[in-house]
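Here's input38.cif, which has mmCIF, C-alpha atoms and all ligand atoms:
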```cif
data_upload
loop_
_atom_site.label_atom_id
_atom_site.label_comp_id
_atom_site.auth_asym_id
_atom_site.auth_seq_id
_atom_site.Cartn_x
_atom_site.Cartn_y
_atom_site.Cartn_z
CA MET L 1 -16.00 31.33 11.12
CA LYS L 2 -18.13 28.83 9.19
CA LYS L 3 -16.61 27.34 6.09
CA LYS L 4 -18.07 28.13 2.69
CA ILE L 5 -18.82 25.56 -0.01
CA THR L 6 -19.88 26.76 -3.44
CA LEU L 7 -21.71 24.38 -5.74
CA ILE L 8 -21.35 25.33 -9.39
CA GLY L 9 -24.37 23.73 -11.02
CA ALA L 10 -27.60 23.48 -9.03
CA GLY L 11 -29.16 20.62 -10.96
CA GLN L 12 -29.81 17.10 -9.69
CA ILE L 13 -26.39 16.54 -8.15
CA GLY L 14 -25.94 20.17 -7.06
CA GLY L 15 -29.25 20.20 -5.19
CA THR L 16 -28.53 16.88 -3.51
CA LEU L 17 -25.05 18.10 -2.51
CA ALA L 18 -26.57 21.21 -0.95
CA HIS L 19 -29.05 19.14 1.04
CA LEU L 20 -26.43 16.66 2.31
CA ILE L 21 -24.01 19.45 3.27
CA ALA L 22 -26.79 21.23 5.18
CA LEU L 23 -27.90 18.07 6.98
CA LYS L 24 -24.31 17.44 8.06
CA GLY L 25 -23.86 21.10 9.06
CA LEU L 26 -20.59 20.99 7.14
CA ALA L 27 -20.50 24.56 5.81
CA ASP L 28 -22.52 27.48 4.49
CA VAL L 29 -23.63 26.76 0.93
CA VAL L 30 -23.73 28.96 -2.15
CA LEU L 31 -25.62 27.37 -5.04
CA PHE L 32 -24.51 28.89 -8.35
CA ASP L 33 -26.22 28.19 -11.65
CA VAL L 34 -26.63 30.01 -14.97
CA ALA L 35 -30.29 29.29 -14.36
CA ALA L 36 -30.44 31.60 -11.31
CA GLY L 37 -34.01 30.63 -10.42
CA ILE L 38 -33.05 26.98 -9.92
CA ALA L 39 -30.19 27.95 -7.61
CA LYS L 40 -32.31 30.38 -5.63
CA GLY L 41 -35.33 28.10 -5.43
CA LYS L 42 -33.35 25.09 -4.22
CA ALA L 43 -31.39 27.17 -1.67
CA LEU L 44 -34.64 28.56 -0.26
CA ASP L 45 -36.38 25.17 -0.23
CA ILE L 46 -33.52 23.52 1.68
CA ALA L 47 -33.21 26.51 4.06
CA GLN L 48 -36.90 26.15 4.87
CA SER L 49 -36.26 22.58 6.02
CA SER L 50 -33.77 23.75 8.69
CA PRO L 51 -36.32 24.09 11.52
CA VAL L 52 -37.54 20.52 10.87
CA SER L 53 -34.14 18.96 10.27
CA GLY L 54 -32.37 21.06 12.90
CA PHE L 55 -29.37 22.36 10.95
CA ASN L 56 -27.81 25.75 11.16
CA VAL L 57 -26.07 26.73 7.91
CA ASN L 58 -26.78 29.54 5.47
CA LEU L 59 -27.92 28.66 1.96
CA THR L 60 -28.04 31.12 -0.92
CA GLY L 61 -28.61 30.88 -4.65
CA THR L 62 -26.96 33.04 -7.30
CA ASP L 63 -25.73 33.44 -10.87
CA ASN L 64 -23.04 35.94 -9.88
CA TYR L 65 -19.49 34.67 -9.24
CA GLU L 66 -18.91 37.56 -6.79
CA ASP L 67 -21.21 35.75 -4.33
CA THR L 68 -18.96 32.68 -4.44
CA LYS L 69 -15.89 34.70 -3.44
CA ASN L 70 -13.34 33.09 -1.07
CA SER L 71 -14.98 29.69 -1.00
CA ASP L 72 -13.11 27.00 0.93
CA VAL L 73 -14.43 24.25 -1.34
CA ILE L 74 -15.99 24.36 -4.80
CA ILE L 75 -17.85 21.38 -6.20
CA ILE L 76 -18.58 21.52 -9.91
CA THR L 77 -21.49 19.74 -11.56
CA ALA L 78 -22.18 22.38 -14.23
CA GLY L 79 -22.83 20.62 -17.50
CA VAL L 80 -25.10 18.28 -19.31
CA PRO L 81 -25.84 14.76 -18.05
CA ARG L 82 -26.18 11.64 -20.23
CA LYS L 83 -29.32 10.47 -21.94
CA PRO L 84 -30.02 6.76 -22.53
CA GLY L 85 -27.62 5.29 -25.09
CA MET L 86 -24.97 7.99 -24.60
CA THR L 87 -21.52 7.37 -23.16
CA ARG L 88 -19.88 9.90 -20.85
CA ASP L 89 -17.47 10.67 -23.70
CA ASP L 90 -20.37 11.91 -25.84
CA LEU L 91 -20.65 14.88 -23.46
CA LEU L 92 -17.13 16.12 -24.20
CA GLY L 93 -17.77 19.01 -26.62
CA ILE L 94 -20.56 20.69 -24.70
CA ASN L 95 -19.17 20.20 -21.19
CA LEU L 96 -15.70 21.39 -22.22
CA LYS L 97 -17.15 24.78 -23.18
CA ILE L 98 -19.06 24.99 -19.91
CA ILE L 99 -16.00 24.08 -17.84
CA LYS L 100 -13.98 26.82 -19.53
CA GLN L 101 -16.51 29.42 -18.33
CA VAL L 102 -16.52 27.92 -14.85
CA ALA L 103 -12.70 27.96 -14.68
CA GLU L 104 -12.69 31.66 -15.59
CA GLY L 105 -15.21 32.37 -12.84
CA ILE L 106 -13.56 30.48 -10.01
CA LYS L 107 -9.94 31.42 -10.65
CA LYS L 108 -10.76 35.09 -10.06
CA THR L 109 -12.96 34.64 -7.02
CA SER L 110 -11.64 31.60 -5.11
CA PRO L 111 -8.01 30.91 -6.08
CA ASN L 112 -7.36 29.12 -2.75
CA ALA L 113 -10.30 26.75 -2.85
CA PHE L 114 -10.16 22.96 -2.92
CA VAL L 115 -11.97 22.18 -6.17
CA ILE L 116 -13.85 18.93 -6.75
CA CYS L 117 -15.08 18.28 -10.27
CA ILE L 118 -17.97 15.91 -10.96
CA THR L 119 -18.86 16.95 -14.52
CA ASN L 120 -18.32 14.21 -17.14
CA PRO L 121 -16.35 12.91 -18.97
CA LEU L 122 -14.67 13.21 -15.62
CA ASP L 123 -10.94 12.68 -16.07
CA VAL L 124 -10.66 14.88 -19.14
CA ILE L 125 -12.95 17.59 -17.78
CA VAL L 126 -11.05 17.84 -14.48
CA MET L 127 -7.75 18.00 -16.37
CA ALA L 128 -9.11 20.76 -18.61
CA LEU L 129 -10.43 22.60 -15.56
CA GLN L 130 -6.99 22.57 -13.96
CA LYS L 131 -5.38 23.83 -17.14
CA TYR L 132 -7.97 26.54 -17.80
CA SER L 133 -7.97 27.78 -14.21
CA GLY L 134 -4.24 27.43 -13.47
CA LEU L 135 -5.13 26.45 -9.89
CA PRO L 136 -2.60 24.16 -8.13
CA LYS L 137 -2.83 20.52 -9.20
CA ASN L 138 -3.04 19.25 -5.62
CA LYS L 139 -6.15 21.40 -5.10
CA VAL L 140 -8.05 20.32 -8.25
CA VAL L 141 -9.46 16.78 -8.11
CA GLY L 142 -12.16 14.70 -9.73
CA MET L 143 -14.86 12.61 -8.07
CA ALA L 144 -15.22 9.14 -9.58
CA GLY L 145 -13.30 6.47 -7.71
CA ILE L 146 -15.33 6.77 -4.51
CA LEU L 147 -18.53 6.38 -6.49
CA ASP L 148 -17.30 3.45 -8.59
CA SER L 149 -15.88 1.72 -5.50
CA SER L 150 -19.12 2.34 -3.62
CA ARG L 151 -21.11 0.73 -6.44
CA PHE L 152 -18.77 -2.27 -6.53
CA ILE L 153 -18.93 -2.72 -2.75
CA TYR L 154 -22.72 -2.46 -2.77
CA PHE L 155 -23.07 -5.14 -5.47
CA LEU L 156 -20.65 -7.44 -3.61
CA SER L 157 -22.53 -6.89 -0.38
CA GLU L 158 -25.81 -7.86 -2.02
CA GLU L 159 -24.34 -10.97 -3.60
CA LEU L 160 -22.41 -12.17 -0.54
CA ARG L 161 -24.90 -10.92 2.08
CA VAL L 162 -22.13 -9.15 3.96
CA PRO L 163 -22.64 -5.61 5.33
CA VAL L 164 -21.05 -2.93 3.12
CA GLN L 165 -18.98 -1.74 6.11
CA LYS L 166 -17.10 -5.05 6.08
CA ILE L 167 -16.01 -4.82 2.46
CA LYS L 168 -12.94 -2.89 1.32
CA SER L 169 -12.12 -2.23 -2.30
CA PHE L 170 -10.86 0.30 -4.81
CA VAL L 171 -11.94 0.92 -8.37
CA LEU L 172 -9.27 2.87 -10.20
CA GLY L 173 -8.31 4.25 -13.62
CA GLY L 174 -10.55 6.43 -15.76
CA HIS L 175 -14.24 6.96 -14.95
CA GLY L 176 -15.47 5.12 -18.02
CA ASP L 177 -15.97 1.62 -19.33
CA SER L 178 -12.24 1.00 -18.86
CA MET L 179 -12.28 1.51 -15.07
CA VAL L 180 -10.43 -1.19 -13.12
CA ALA L 181 -11.76 -3.00 -10.04
CA MET L 182 -8.70 -3.84 -7.95
CA LEU L 183 -9.45 -7.45 -7.04
CA GLY L 184 -6.05 -7.86 -5.39
CA SER L 185 -6.99 -5.11 -2.90
CA THR L 186 -10.58 -6.28 -2.36
CA GLU L 187 -11.31 -7.77 1.05
CA ILE L 188 -14.54 -9.22 2.43
CA GLU L 189 -14.54 -9.41 6.21
CA GLY L 190 -10.74 -9.29 6.10
CA LYS L 191 -10.45 -12.08 3.52
CA LYS L 192 -9.09 -11.59 -0.01
CA ILE L 193 -11.87 -11.86 -2.56
CA MET L 194 -9.91 -14.30 -4.73
CA ASP L 195 -9.68 -16.66 -1.72
CA LEU L 196 -13.48 -16.69 -1.61
CA VAL L 197 -13.48 -17.58 -5.30
CA ARG L 198 -10.94 -20.35 -4.72
CA GLU L 199 -13.07 -21.69 -1.86
CA GLY L 200 -16.15 -21.70 -4.09
CA LYS L 201 -18.01 -19.10 -2.00
CA LEU L 202 -18.24 -16.80 -5.01
CA THR L 203 -18.05 -18.10 -8.56
CA GLN L 204 -15.69 -16.43 -11.03
CA GLU L 205 -18.67 -15.96 -13.30
CA LYS L 206 -20.64 -14.02 -10.66
CA LEU L 207 -17.60 -11.92 -9.83
CA ASP L 208 -17.10 -11.08 -13.53
CA LYS L 209 -20.74 -10.05 -13.76
CA ILE L 210 -20.43 -7.77 -10.72
CA VAL L 211 -17.28 -6.16 -12.15
CA ASP L 212 -19.08 -5.58 -15.43
CA ARG L 213 -22.19 -4.20 -13.71
CA THR L 214 -19.95 -1.79 -11.78
CA LYS L 215 -18.40 -0.52 -15.01
CA LYS L 216 -21.87 0.07 -16.39
CA GLY L 217 -23.30 1.24 -13.05
CA GLY L 218 -23.98 4.76 -14.28
CA ALA L 219 -25.57 3.60 -17.54
CA GLU L 220 -27.93 1.26 -15.68
CA ILE L 221 -29.34 4.25 -13.80
CA VAL L 222 -29.48 6.47 -16.90
CA LYS L 223 -31.56 3.75 -18.53
CA TYR L 224 -34.06 3.73 -15.67
CA LEU L 225 -34.27 7.49 -15.24
CA GLU L 226 -34.46 8.21 -18.98
CA LYS L 227 -34.14 11.96 -18.36
CA GLY L 228 -30.89 12.26 -16.45
CA SER L 229 -28.12 10.41 -14.68
CA ALA L 230 -27.37 9.26 -11.14
CA PHE L 231 -27.28 11.91 -8.44
CA TYR L 232 -27.65 10.51 -4.90
CA ALA L 233 -24.50 8.36 -4.89
CA PRO L 234 -22.42 10.92 -6.84
CA ALA L 235 -23.43 13.67 -4.40
CA ALA L 236 -22.66 11.51 -1.33
CA SER L 237 -19.22 10.78 -2.82
CA GLY L 238 -18.53 14.48 -3.46
CA VAL L 239 -19.46 15.38 0.11
CA GLU L 240 -17.08 12.72 1.45
CA MET L 241 -14.21 14.37 -0.44
CA ALA L 242 -15.16 17.85 0.79
CA GLU L 243 -15.36 16.61 4.37
CA CYS L 244 -11.91 14.96 4.14
CA TYR L 245 -10.44 18.31 3.12
CA LEU L 246 -12.36 20.58 5.51
CA SER L 247 -11.91 18.32 8.55
CA ASP L 248 -8.34 17.25 7.63
CA LEU L 249 -9.39 13.59 7.84
CA LYS L 250 -6.44 12.25 5.82
CA LYS L 251 -8.52 9.27 4.69
CA LYS L 252 -7.32 7.06 1.84
CA ILE L 253 -9.88 7.46 -0.91
CA PRO L 254 -9.80 6.92 -4.67
CA CYS L 255 -9.99 10.23 -6.59
CA ALA L 256 -9.05 11.45 -10.05
CA VAL L 257 -5.78 13.31 -9.53
CA HIS L 258 -2.90 14.58 -11.61
CA LEU L 259 -0.31 11.82 -12.05
CA ASN L 260 3.27 12.85 -12.53
CA GLY L 261 5.21 9.60 -12.68
CA GLU L 262 3.08 7.72 -10.14
CA TYR L 263 1.78 4.40 -11.49
CA GLY L 264 4.28 4.88 -14.33
CA THR L 265 2.01 7.54 -15.76
CA GLN L 266 2.92 11.08 -16.76
CA ASN L 267 0.84 14.23 -17.03
CA ILE L 268 -2.69 12.88 -17.01
CA TYR L 269 -5.59 12.82 -14.56
CA ALA L 270 -6.89 9.39 -13.50
CA GLY L 271 -8.32 7.62 -10.49
CA VAL L 272 -5.90 6.31 -7.84
CA PRO L 273 -6.00 6.11 -4.03
CA VAL L 274 -4.92 9.35 -2.38
CA ILE L 275 -4.77 10.90 1.06
CA ILE L 276 -6.94 14.02 1.25
CA GLY L 277 -6.35 16.42 4.12
CA SER L 278 -6.27 20.15 4.75
CA LYS L 279 -3.52 20.63 2.14
CA GLY L 280 -5.59 18.97 -0.58
CA VAL L 281 -4.05 15.90 -2.18
CA GLU L 282 -1.36 15.16 0.40
CA LYS L 283 -0.14 11.84 -0.94
CA ILE L 284 -0.70 9.51 -3.87
CA VAL L 285 -0.77 5.92 -2.62
CA GLU L 286 0.83 3.40 -4.98
CA LEU L 287 -0.87 0.01 -4.78
CA GLU L 288 0.94 -3.05 -6.03
CA LEU L 289 -0.79 -4.15 -9.21
CA SER L 290 -0.98 -7.68 -10.53
CA LYS L 291 -0.01 -8.23 -14.18
CA GLU L 292 -3.63 -8.17 -15.23
CA GLU L 293 -4.48 -5.09 -13.12
CA ARG L 294 -1.47 -3.32 -14.62
CA LYS L 295 -2.60 -4.17 -18.16
CA ASN L 296 -6.15 -2.98 -17.45
CA PHE L 297 -4.94 0.18 -15.71
CA ASP L 298 -2.68 1.01 -18.68
CA ASN L 299 -5.60 0.48 -21.06
CA SER L 300 -7.72 2.80 -18.99
CA ILE L 301 -5.02 5.50 -19.03
CA LYS L 302 -4.77 5.07 -22.80
CA ALA L 303 -8.52 5.71 -23.13
CA VAL L 304 -8.25 8.89 -21.02
CA LYS L 305 -5.28 10.09 -23.09
CA GLU L 306 -7.15 9.50 -26.33
CA LEU L 307 -10.12 11.47 -25.06
CA PHE L 308 -7.85 14.30 -23.94
CA ASP L 309 -6.39 14.37 -27.47
CA ALA L 310 -9.95 14.71 -28.77
CA ALA L 311 -10.47 17.61 -26.32
CA LYS L 312 -7.33 19.32 -27.65
CA LYS L 313 -8.75 19.09 -31.15
CA ILE L 314 -11.96 20.77 -29.96
CA ASP L 315 -10.03 23.51 -28.14
CA PRO L 316 -6.41 23.97 -29.30
CA GLU L 317 -5.84 26.24 -26.29
CA LEU L 318 -5.68 23.06 -24.21
CA VAL L 319 -2.02 22.17 -24.53
N1 LIG N 1 -22.36 27.49 -15.29
C1 LIG N 1 -23.07 27.05 -14.23
N2 LIG N 1 -24.03 26.12 -14.31
C2 LIG N 1 -24.28 25.61 -15.51
C3 LIG N 1 -23.59 26.01 -16.68
C4 LIG N 1 -22.58 27.00 -16.53
N3 LIG N 1 -21.87 27.45 -17.57
N4 LIG N 1 -24.07 25.33 -17.74
C5 LIG N 1 -25.02 24.50 -17.26
N5 LIG N 1 -25.18 24.68 -15.93
C6 LIG N 1 -26.10 24.02 -15.00
C7 LIG N 1 -27.47 23.73 -15.61
O1 LIG N 1 -28.28 24.91 -15.63
C8 LIG N 1 -28.02 22.65 -14.65
O2 LIG N 1 -28.83 23.20 -13.63
O3 LIG N 1 -25.63 22.74 -14.62
C9 LIG N 1 -26.74 22.04 -14.05
C10 LIG N 1 -26.58 20.55 -14.36
O4 LIG N 1 -27.60 19.88 -13.70
P1 LIG N 1 -28.33 18.58 -14.29
O5 LIG N 1 -28.66 18.84 -15.72
O6 LIG N 1 -29.42 18.20 -13.35
O7 LIG N 1 -27.16 17.48 -14.28
P2 LIG N 1 -26.64 16.57 -13.05
O8 LIG N 1 -27.39 15.31 -13.03
O9 LIG N 1 -26.56 17.38 -11.81
O10 LIG N 1 -25.17 16.21 -13.59
C11 LIG N 1 -24.21 17.20 -13.84
O11 LIG N 1 -22.36 15.72 -13.43
O12 LIG N 1 -22.20 13.40 -13.19
C12 LIG N 1 -22.08 14.49 -14.06
O13 LIG N 1 -22.59 13.47 -16.16
C13 LIG N 1 -23.04 14.39 -15.19
O14 LIG N 1 -21.91 16.04 -16.47
C14 LIG N 1 -23.05 15.81 -15.68
C15 LIG N 1 -22.92 16.62 -14.37
#
```

For this file, write the structure as structure tokens.
Amino acid sequence: MKKKITLIGAGQIGGTLAHLIALKGLADVVLFDVAAGIAKGKALDIAQSSPVSGFNVNLTGTDNYEDTKNSDVIIITAGVPRKPGMTRDDLLGINLKIIKQVAEGIKKTSPNAFVICITNPLDVIVMALQKYSGLPKNKVVGMAGILDSSRFIYFLSEELRVPVQKIKSFVLGGHGDSMVAMLGSTEIEGKKIMDLVREGKLTQEKLDKIVDRTKKGGAEIVKYLEKGSAFYAPAASGVEMAECYLSDLKKKIPCAVHLNGEYGTQNIYAGVPVIIGSKGVEKIVELELSKEERKNFDNSIKAVKELFDAAKKIDPELV
């Protein structure tokens, strides 16, 4: 039987997710949105491209959780995106309310699904979603690290004129300005990035600029678009996570997951490398951190914790 992916939120990211999933023939797609017309219209539009693009999956749109029943994967983008000048944290109050409704909906209809959250502020929203829904922690994850790493790799590839496929890196921590590019684990054509700096092939100044541009990668796009935030790269990253789960790929990818002692961190969601397979989060991979990476990672965790405290003030039910 074909797998079923439900997309909660049929906006910019939701629509792009649906299209990518259809093109890959990954699963049947249910687009759910409180604005039913958007979900139905996008599902029909993409379905009408199937004869041209040659895919064979069903696409439907709905505003009824019954239609999402027994989904294998749920990807959540319900919520409000940033406007120019806003940080992801500014979205907390409004998106927290939305995620509470979504959690209610999915826990009744798809308690066994692998749930990928994309709604911002990511780490706090995914943690709230897990708490509100009560779904198992290894089946509720956040999409951020793949996107941040992808941005970093792309910028490095442009600067060094090396194909993206030959660059390996991880960006970890919270999905905000405090995210941490793991320079110690960054390799260009098999060579450590800091060796390139030492050899003068990349100046420290350029590297610092790329790290900074990565941290502000989302804001740069918000500034251009004016009316919304990035959606192509976030959707591609979400699909990668869904595929890892559905096809049991067991790839090592950075995702926001619940940390329970790993990285010296208790009871918080943040981005670290994990193995995703058919059981969900199958392993949390502990990288060795340099002193500086450790300091930056701890700062990032602190920022996520502070934002979660702010969320608890907004909704005291979140303990
Ligand atoms: N249930 C379902 N859908 C909802 C709900 C809800 N309670 N509330 C809002 N939505 C829908 C909106 O109707 C809209 O179609 O969520 C969709 C969001 O789409 P966009 O506004 O286009 O936002 P998008 O760019 O897709 O980003 C969504 O992902 O990356 C994050 O910061 C981003 O939080 C934002 C989210």

| request: Would you mind listing the residues within 6 Å of ligand LIG 1 (chain N), counting all atoms listed in the file, as a ChimeraX atom specification? | output: /L:8-14,33-35,77-82,98,101-102,118-120,228-229,231

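Residue nearest Ser71 in chain L, chosen from L:Asp28, L:Glu288, L:Glu240, L:Asp298 and counting all atoms listed in the file: L:Asp28.
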
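Across the structure, CA of Thr6 in chain L and CA of Val30 in chain L are spaced 4.6 Å apart.
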
| query | For Arg88 in chain L, which residue out of L:Arg198, L:Gly218, L:Lys4, L:Lys206 is the nearest one, using only C-alpha atoms? | reply | L:Gly218

| Nearby residues (only C-alpha atoms) at most 7 Å from range 253-264 of chain L, same-chain spacing under 2 positions excluded, as a PyMOL selection string | chain L and resi 123+137+141-146+170+172+251+266-275+286

| message | Quick check, in Å to one decimal: how far apart do CA of Leu23 in chain L and CA of Gly54 in chain L lie? | response | 8.0 Å

| Separation of CA of Arg151 in chain L from CA of Leu17 in chain L in Å | 18.2 Å

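When all atoms listed in the file are used to measure the gap to Lys107 in chain L, the shortest distance among L:Asn64, L:Gln130, L:Gln165, L:Ser237 belongs to L:Gln130.
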
What's around Gly37 in chain L at 10 Å? Count all atoms listed in the file, leave out sequence neighbours fewer than 3 positions away in its own chain, and write the answer as a compact mmCIF listing (two decimals) with C-alpha atoms, keeping the file's coordinate frame.
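Saved file selection-v2.txt follows:
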```txt
# COMPACT_ATOMS: atom_id res chain seq x y z
CA ALA L 10 -27.60 23.48 -9.03
CA PHE L 32 -24.51 28.89 -8.35
CA ASP L 33 -26.22 28.19 -11.65
CA VAL L 34 -26.63 30.01 -14.97
CA LYS L 40 -32.31 30.38 -5.63
CA GLY L 41 -35.33 28.10 -5.43
CA LYS L 42 -33.35 25.09 -4.22
CA ALA L 43 -31.39 27.17 -1.67
CA GLY L 61 -28.61 30.88 -4.65
CA THR L 62 -26.96 33.04 -7.30
CA ASP L 63 -25.73 33.44 -10.87
```

| field | Selected residue, from L:Asp67, L:Asp177, L:Asp309, L:Asp72, that lies nearest to Ile116 in chain L when counting only C-alpha atoms | value | L:Asp72

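Distance annotation: of L:Ser169, L:Phe152, L:Leu183, L:Gly238, the residue with the minimal separation from Leu196 in chain L is L:Leu183; atom set is all atoms listed in the file.
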
| said: I'd like the contact shell of range 109-115 of chain L - 8 Å cut-off, all atoms listed in the file, skipping same-chain residues fewer than 2 positions apart - returned as a count of residues only. | reply: 21

| query | Using only C-alpha atoms, which residue out of L:Ala219, L:Val197, L:Leu225, L:Ala181 lies closest to Glu293 in chain L? | reply | L:Ala181

| message | Show me, as a list in words, the residues that have an atom within 10 Å of Ser247 in chain L when counting only C-alpha atoms, minus same-chain residues fewer than 6 positions from it. | response | Leu26, Ile276, Gly277 and Ser278 of chain L

Next, write the just-selected residues to a file, as a compact mmCIF listing (two decimals), keeping the file's coordinate frame, keeping C-alpha atoms as the atom set.
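The resulting part_12.txt:
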```
# COMPACT_ATOMS: atom_id res chain seq x y z
CA LEU L 26 -20.59 20.99 7.14
CA ILE L 276 -6.94 14.02 1.25
CA GLY L 277 -6.35 16.42 4.12
CA SER L 278 -6.27 20.15 4.75
```

How would range 43-59 of chain L look with N, CA, C and O atoms restored, written as a compact mmCIF listing (two decimals), in the frame of the given file?
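Generated file (result.txt):
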```
# COMPACT_ATOMS: atom_id res chain seq x y z
N ALA L 43 -31.99 26.66 -2.92
CA ALA L 43 -31.39 27.17 -1.67
C ALA L 43 -32.50 27.50 -0.68
O ALA L 43 -32.42 27.14 0.51
N LEU L 44 -33.55 28.15 -1.15
CA LEU L 44 -34.64 28.56 -0.26
C LEU L 44 -35.40 27.34 0.26
O LEU L 44 -35.72 27.24 1.45
N ASP L 45 -35.65 26.40 -0.62
CA ASP L 45 -36.38 25.17 -0.23
C ASP L 45 -35.62 24.42 0.87
O ASP L 45 -36.19 24.04 1.90
N ILE L 46 -34.31 24.25 0.67
CA ILE L 46 -33.52 23.52 1.68
C ILE L 46 -33.46 24.33 2.98
O ILE L 46 -33.61 23.79 4.07
N ALA L 47 -33.28 25.66 2.85
CA ALA L 47 -33.21 26.51 4.06
C ALA L 47 -34.50 26.38 4.86
O ALA L 47 -34.48 26.35 6.10
N GLN L 48 -35.62 26.26 4.17
CA GLN L 48 -36.90 26.15 4.87
C GLN L 48 -37.07 24.81 5.60
O GLN L 48 -37.97 24.66 6.41
N SER L 49 -36.18 23.86 5.30
CA SER L 49 -36.26 22.58 6.02
C SER L 49 -35.43 22.63 7.31
O SER L 49 -35.46 21.69 8.10
N SER L 50 -34.68 23.72 7.53
CA SER L 50 -33.77 23.75 8.69
C SER L 50 -34.49 23.64 10.03
O SER L 50 -33.99 22.95 10.92
N PRO L 51 -35.67 24.27 10.22
CA PRO L 51 -36.32 24.09 11.52
C PRO L 51 -36.72 22.63 11.77
O PRO L 51 -36.61 22.13 12.89
N VAL L 52 -37.14 21.92 10.71
CA VAL L 52 -37.54 20.52 10.87
C VAL L 52 -36.32 19.64 11.07
O VAL L 52 -36.28 18.79 11.96
N SER L 53 -35.31 19.85 10.23
CA SER L 53 -34.14 18.96 10.27
C SER L 53 -33.13 19.38 11.32
O SER L 53 -32.23 18.61 11.65
N GLY L 54 -33.24 20.61 11.80
CA GLY L 54 -32.37 21.06 12.90
C GLY L 54 -30.95 21.35 12.49
O GLY L 54 -30.02 21.04 13.22
N PHE L 55 -30.74 21.93 11.29
CA PHE L 55 -29.37 22.36 10.95
C PHE L 55 -29.27 23.87 10.96
O PHE L 55 -30.28 24.57 10.95
N ASN L 56 -28.03 24.32 10.98
CA ASN L 56 -27.81 25.75 11.16
C ASN L 56 -26.73 26.25 10.19
O ASN L 56 -25.63 26.59 10.61
N VAL L 57 -27.01 26.16 8.90
CA VAL L 57 -26.07 26.73 7.91
C VAL L 57 -26.85 27.66 7.00
O VAL L 57 -28.06 27.51 6.84
N ASN L 58 -26.13 28.62 6.41
CA ASN L 58 -26.78 29.54 5.47
C ASN L 58 -26.76 28.95 4.07
O ASN L 58 -25.75 28.38 3.66
N LEU L 59 -27.86 29.12 3.35
CA LEU L 59 -27.92 28.66 1.96
C LEU L 59 -28.38 29.82 1.09
O LEU L 59 -29.38 30.47 1.40
```
